[in-house]
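One file, query.cif, carrying mmCIF, C-alpha atoms, pLDDT in the B column; chains and numbers go by the auth columns:
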```cif
data_final
loop_
_atom_site.group_PDB
_atom_site.id
_atom_site.type_symbol
_atom_site.label_atom_id
_atom_site.label_comp_id
_atom_site.label_asym_id
_atom_site.label_seq_id
_atom_site.Cartn_x
_atom_site.Cartn_y
_atom_site.Cartn_z
_atom_site.B_iso_or_equiv
_atom_site.auth_seq_id
_atom_site.auth_asym_id
ATOM 1 C CA MET A 1 -19.851 74.211 -154.192 73.00 84 K
ATOM 2 C CA GLU A 2 -17.429 71.638 -152.820 78.00 85 K
ATOM 3 C CA LYS A 3 -16.250 70.820 -156.356 78.00 86 K
ATOM 4 C CA ILE A 4 -15.427 74.470 -157.026 77.00 87 K
ATOM 5 C CA LYS A 5 -13.534 74.683 -153.746 75.00 88 K
ATOM 6 C CA ASN A 6 -11.538 71.537 -154.591 79.00 89 K
ATOM 7 C CA LEU A 7 -10.789 72.881 -158.066 76.00 90 K
ATOM 8 C CA ALA A 8 -9.558 76.174 -156.597 75.00 91 K
ATOM 9 C CA GLU A 9 -7.294 74.302 -154.158 80.00 92 K
ATOM 10 C CA ARG A 10 -5.832 72.169 -156.950 82.00 93 K
ATOM 11 C CA LEU A 11 -5.213 75.246 -159.088 75.00 94 K
ATOM 12 C CA GLY A 12 -3.458 76.906 -156.140 77.00 95 K
ATOM 13 C CA ILE A 13 -1.199 73.890 -155.708 81.00 96 K
ATOM 14 C CA LYS A 14 -0.352 73.882 -159.423 78.00 97 K
ATOM 15 C CA ALA A 15 0.402 77.619 -159.318 74.00 98 K
ATOM 16 C CA ARG A 16 2.820 77.091 -156.417 76.00 99 K
ATOM 17 C CA GLN A 17 4.535 74.290 -158.324 74.00 100 K
ATOM 18 C CA ILE A 18 4.921 76.520 -161.384 77.00 101 K
ATOM 19 C CA LYS A 19 6.489 79.238 -159.207 73.00 102 K
ATOM 20 C CA PHE A 20 9.080 76.728 -158.022 67.00 103 K
ATOM 21 C CA VAL A 21 9.824 75.715 -161.627 70.00 104 K
ATOM 22 C CA VAL A 22 10.349 79.347 -162.608 68.00 105 K
ATOM 23 C CA GLY A 23 12.629 79.866 -159.596 69.00 106 K
ATOM 24 C CA ALA A 24 14.679 76.811 -160.496 66.00 107 K
ATOM 25 C CA SER A 25 14.965 78.052 -164.082 70.00 108 K
ATOM 26 C CA ALA A 26 16.193 81.438 -162.890 66.00 109 K
ATOM 27 C CA ALA A 27 18.739 79.761 -160.622 65.00 110 K
ATOM 28 C CA SER A 28 20.008 77.600 -163.471 67.00 111 K
ATOM 29 C CA ALA A 29 20.264 80.706 -165.644 65.00 112 K
ATOM 30 C CA ALA A 30 22.470 82.354 -163.031 64.00 113 K
ATOM 31 C CA LEU A 31 25.097 79.578 -163.099 63.00 114 K
ATOM 32 C CA PRO A 32 26.579 80.458 -166.525 67.00 115 K
ATOM 33 C CA VAL A 33 26.690 84.113 -165.494 62.00 116 K
ATOM 34 C CA VAL A 34 28.737 83.277 -162.411 60.00 117 K
ATOM 35 C CA SER A 35 31.210 81.286 -164.508 64.00 118 K
ATOM 36 C CA VAL A 36 31.558 84.154 -166.998 62.00 119 K
ATOM 37 C CA MET A 37 32.239 86.587 -164.188 62.00 120 K
ATOM 38 C CA ALA A 38 34.733 84.257 -162.537 60.00 121 K
ATOM 39 C CA SER A 39 36.661 83.686 -165.759 61.00 122 K
ATOM 40 C CA ALA A 40 36.713 87.391 -166.582 57.00 123 K
ATOM 41 C CA GLU A 41 37.920 88.340 -163.124 55.00 124 K
ATOM 42 C CA GLY A 42 40.534 85.596 -163.153 52.00 125 K
ATOM 43 C CA GLU A 43 42.133 86.968 -166.315 52.00 126 K
ATOM 44 C CA THR A 44 42.321 90.605 -165.276 51.00 127 K
ATOM 45 C CA GLY A 45 42.908 90.090 -161.577 48.00 128 K
ATOM 46 C CA THR A 46 40.727 93.092 -160.700 51.00 129 K
ATOM 47 C CA THR A 47 37.282 93.159 -159.250 55.00 130 K
ATOM 48 C CA THR A 48 34.599 94.694 -161.415 62.00 131 K
ATOM 49 C CA SER A 49 31.020 95.623 -160.735 69.00 132 K
ATOM 50 C CA LEU A 50 28.057 93.590 -161.851 70.00 133 K
ATOM 51 C CA SER A 51 26.964 96.385 -164.183 74.00 134 K
ATOM 52 C CA THR A 52 29.772 95.544 -166.598 77.00 135 K
ATOM 53 C CA TYR A 53 28.215 92.117 -167.094 80.00 136 K
ATOM 54 C CA ALA A 54 24.642 93.337 -167.494 81.00 137 K
ATOM 55 C CA GLY A 55 24.537 92.581 -171.211 82.00 138 K
ATOM 56 C CA GLN A 56 25.879 89.063 -170.728 85.00 139 K
ATOM 57 C CA ILE A 57 23.465 88.401 -167.870 84.00 140 K
ATOM 58 C CA GLY A 58 20.523 89.568 -169.952 85.00 141 K
ATOM 59 C CA GLN A 59 21.609 87.467 -172.908 87.00 142 K
ATOM 60 C CA GLN A 60 22.085 84.332 -170.780 89.00 143 K
ATOM 61 C CA PHE A 61 18.669 84.791 -169.174 88.00 144 K
ATOM 62 C CA THR A 62 17.041 85.318 -172.572 89.00 145 K
ATOM 63 C CA ASN A 63 18.717 82.202 -173.962 90.00 146 K
ATOM 64 C CA THR A 64 17.597 80.122 -170.982 89.00 147 K
ATOM 65 C CA ALA A 65 14.036 81.434 -171.193 87.00 148 K
ATOM 66 C CA ASN A 66 13.929 80.690 -174.923 90.00 149 K
ATOM 67 C CA ASP A 67 15.108 77.140 -174.220 90.00 150 K
ATOM 68 C CA VAL A 68 12.677 76.502 -171.344 90.00 151 K
ATOM 69 C CA ILE A 69 9.469 78.047 -172.756 90.00 152 K
ATOM 70 C CA PRO A 70 8.895 75.421 -175.503 89.00 153 K
ATOM 71 C CA ILE A 71 9.346 72.640 -172.945 90.00 154 K
ATOM 72 C CA ILE A 72 6.825 74.203 -170.555 90.00 155 K
ATOM 73 C CA VAL A 73 4.300 74.799 -173.349 89.00 156 K
ATOM 74 C CA THR A 74 4.656 71.191 -174.551 90.00 157 K
ATOM 75 C CA VAL A 75 4.190 69.757 -171.057 90.00 158 K
ATOM 76 C CA LEU A 76 1.177 72.007 -170.373 90.00 159 K
ATOM 77 C CA GLY A 77 -0.348 71.049 -173.739 90.00 160 K
ATOM 78 C CA ALA A 78 0.087 67.349 -173.036 91.00 161 K
ATOM 79 C CA GLY A 79 -1.390 67.788 -169.561 91.00 162 K
ATOM 80 C CA LEU A 80 -4.372 69.622 -171.016 91.00 163 K
ATOM 81 C CA GLY A 81 -4.892 66.780 -173.502 91.00 164 K
ATOM 82 C CA VAL A 82 -4.858 64.173 -170.728 92.00 165 K
ATOM 83 C CA PHE A 83 -7.226 66.315 -168.649 92.00 166 K
ATOM 84 C CA ALA A 84 -9.609 66.591 -171.624 93.00 167 K
ATOM 85 C CA ILE A 85 -9.576 62.808 -172.042 94.00 168 K
ATOM 86 C CA PHE A 86 -10.501 62.244 -168.385 93.00 169 K
ATOM 87 C CA VAL A 87 -13.262 64.851 -168.519 93.00 170 K
ATOM 88 C CA GLY A 88 -14.552 63.311 -171.756 93.00 171 K
ATOM 89 C CA ILE A 89 -14.667 59.865 -170.171 93.00 172 K
ATOM 90 C CA LYS A 90 -16.518 61.227 -167.151 92.00 173 K
ATOM 91 C CA LEU A 91 -19.035 63.069 -169.348 92.00 174 K
ATOM 92 C CA ALA A 92 -19.492 60.001 -171.569 92.00 175 K
ATOM 93 C CA LYS A 93 -20.276 57.841 -168.511 91.00 176 K
ATOM 94 C CA LYS A 94 -22.808 60.414 -167.352 90.00 177 K
ATOM 95 C CA MET A 95 -24.351 60.653 -170.829 90.00 178 K
ATOM 96 C CA PHE A 96 -24.639 56.877 -171.283 89.00 179 K
ATOM 97 C CA SER A 97 -26.145 56.426 -167.828 88.00 180 K
ATOM 98 C CA THR A 98 -28.725 59.116 -168.595 87.00 181 K
ATOM 99 C CA VAL A 99 -29.584 57.568 -171.978 86.00 182 K
ATOM 100 C CA ALA A 100 -29.823 54.087 -170.448 84.00 183 K
ATOM 101 C CA LYS A 101 -32.434 55.266 -167.917 80.00 184 K
#
```
structure tokens encoding of this file:
Amino acid sequence: MEKIKNLAERLGIKARQIKFVVGASAASAALPVVSVMASAEGETGTTTSLSTYAGQIGQQFTNTANDVIPIIVTVLGAGLGVFAIFVGIKLAKKMFSTVAK
């Protein structure tokens, strides 16, 4: 039961870390939008509402998400591979100790 509890705690920690990564990605996606708005307002000299930039904001967010998703999938895949190796080693030790008895 203790192992399940420890596993649940580790999964919770990983989930919190992933939330921070997503938040950082969203923040980095907002930076180009701010520069687009600043340059557009600087040229016209008038203030405009955020709704006029909705298409650009959506496009920038989509581009950032499309750039970040392959990186996240690759890192998660590599982590899963390393996890499988450690579990395999642990199971092999257990199997060989059982066979040796």
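The space separating CA of Ser108 (chain K) from CA of Val151 (chain K) comes to 7.8 Å.
Of the residues under consideration (K:Tyr136, K:Ala175, K:Met84, K:Ile155), K:Ile155 shows the shortest atom-to-atom contact distance to Val104 (chain K) when counting all atoms listed in the file.
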> Hey, can you check how far CA of Ala91 (chain K) sits from CA of Phe169 (chain K)?
Replying inline: 18.3 Å
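Between CA of Ile101 (chain K) and CA of Leu159 (chain K) lies a distance of 10.7 Å.
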Missing atoms in region 129-149 of chain K need filling: write out N, CA, C and O atoms for it as a compact mmCIF listing (two decimals), keeping the file's coordinate frame.
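Generated file (out_34.txt):
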```txt
# COMPACT_ATOMS: atom_id res chain seq x y z
N THR K 129 41.37 91.97 -161.40
CA THR K 129 40.73 93.09 -160.70
C THR K 129 39.27 92.77 -160.48
O THR K 129 38.67 92.01 -161.24
N THR K 130 38.71 93.36 -159.48
CA THR K 130 37.28 93.16 -159.25
C THR K 130 36.51 94.21 -160.02
O THR K 130 36.90 95.37 -160.09
N THR K 131 35.43 93.77 -160.64
CA THR K 131 34.60 94.69 -161.42
C THR K 131 33.18 94.61 -160.89
O THR K 131 32.80 93.65 -160.23
N SER K 132 32.39 95.61 -161.21
CA SER K 132 31.02 95.62 -160.74
C SER K 132 30.14 94.77 -161.64
O SER K 132 30.50 94.44 -162.77
N LEU K 133 29.00 94.42 -161.13
CA LEU K 133 28.06 93.59 -161.85
C LEU K 133 27.50 94.32 -163.08
O LEU K 133 27.10 93.69 -164.04
N SER K 134 27.53 95.63 -163.07
CA SER K 134 26.96 96.38 -164.18
C SER K 134 27.74 96.16 -165.48
O SER K 134 27.18 96.31 -166.56
N THR K 135 29.00 95.80 -165.37
CA THR K 135 29.77 95.54 -166.60
C THR K 135 29.33 94.27 -167.28
O THR K 135 29.56 94.08 -168.47
N TYR K 136 28.68 93.39 -166.53
CA TYR K 136 28.22 92.12 -167.09
C TYR K 136 26.72 92.12 -167.38
O TYR K 136 26.14 91.06 -167.64
N ALA K 137 26.09 93.26 -167.33
CA ALA K 137 24.64 93.34 -167.49
C ALA K 137 24.20 92.79 -168.84
O ALA K 137 23.19 92.07 -168.93
N GLY K 138 24.90 93.09 -169.88
CA GLY K 138 24.54 92.58 -171.21
C GLY K 138 24.63 91.07 -171.29
O GLY K 138 23.75 90.40 -171.84
N GLN K 139 25.71 90.51 -170.72
CA GLN K 139 25.88 89.06 -170.73
C GLN K 139 24.81 88.38 -169.88
O GLN K 139 24.29 87.33 -170.26
N ILE K 140 24.49 88.97 -168.74
CA ILE K 140 23.46 88.40 -167.87
C ILE K 140 22.12 88.39 -168.59
O ILE K 140 21.41 87.39 -168.58
N GLY K 141 21.78 89.49 -169.21
CA GLY K 141 20.52 89.57 -169.95
C GLY K 141 20.46 88.57 -171.08
O GLY K 141 19.44 87.91 -171.30
N GLN K 142 21.57 88.42 -171.79
CA GLN K 142 21.61 87.47 -172.91
C GLN K 142 21.48 86.03 -172.42
O GLN K 142 20.76 85.22 -173.01
N GLN K 143 22.18 85.69 -171.33
CA GLN K 143 22.08 84.33 -170.78
C GLN K 143 20.67 84.03 -170.29
O GLN K 143 20.15 82.93 -170.52
N PHE K 144 20.04 85.00 -169.65
CA PHE K 144 18.67 84.79 -169.17
C PHE K 144 17.72 84.62 -170.35
O PHE K 144 16.85 83.75 -170.34
N THR K 145 17.89 85.43 -171.38
CA THR K 145 17.04 85.32 -172.57
C THR K 145 17.23 83.97 -173.24
O THR K 145 16.25 83.32 -173.64
N ASN K 146 18.46 83.51 -173.36
CA ASN K 146 18.72 82.20 -173.96
C ASN K 146 18.07 81.09 -173.15
O ASN K 146 17.47 80.16 -173.71
N THR K 147 18.20 81.16 -171.82
CA THR K 147 17.60 80.12 -170.98
C THR K 147 16.08 80.15 -171.09
O THR K 147 15.44 79.09 -171.19
N ALA K 148 15.49 81.33 -171.07
CA ALA K 148 14.04 81.43 -171.19
C ALA K 148 13.57 80.89 -172.54
O ALA K 148 12.56 80.18 -172.61
N ASN K 149 14.30 81.20 -173.60
CA ASN K 149 13.93 80.69 -174.92
C ASN K 149 14.06 79.18 -175.01
O ASN K 149 13.35 78.54 -175.78
```
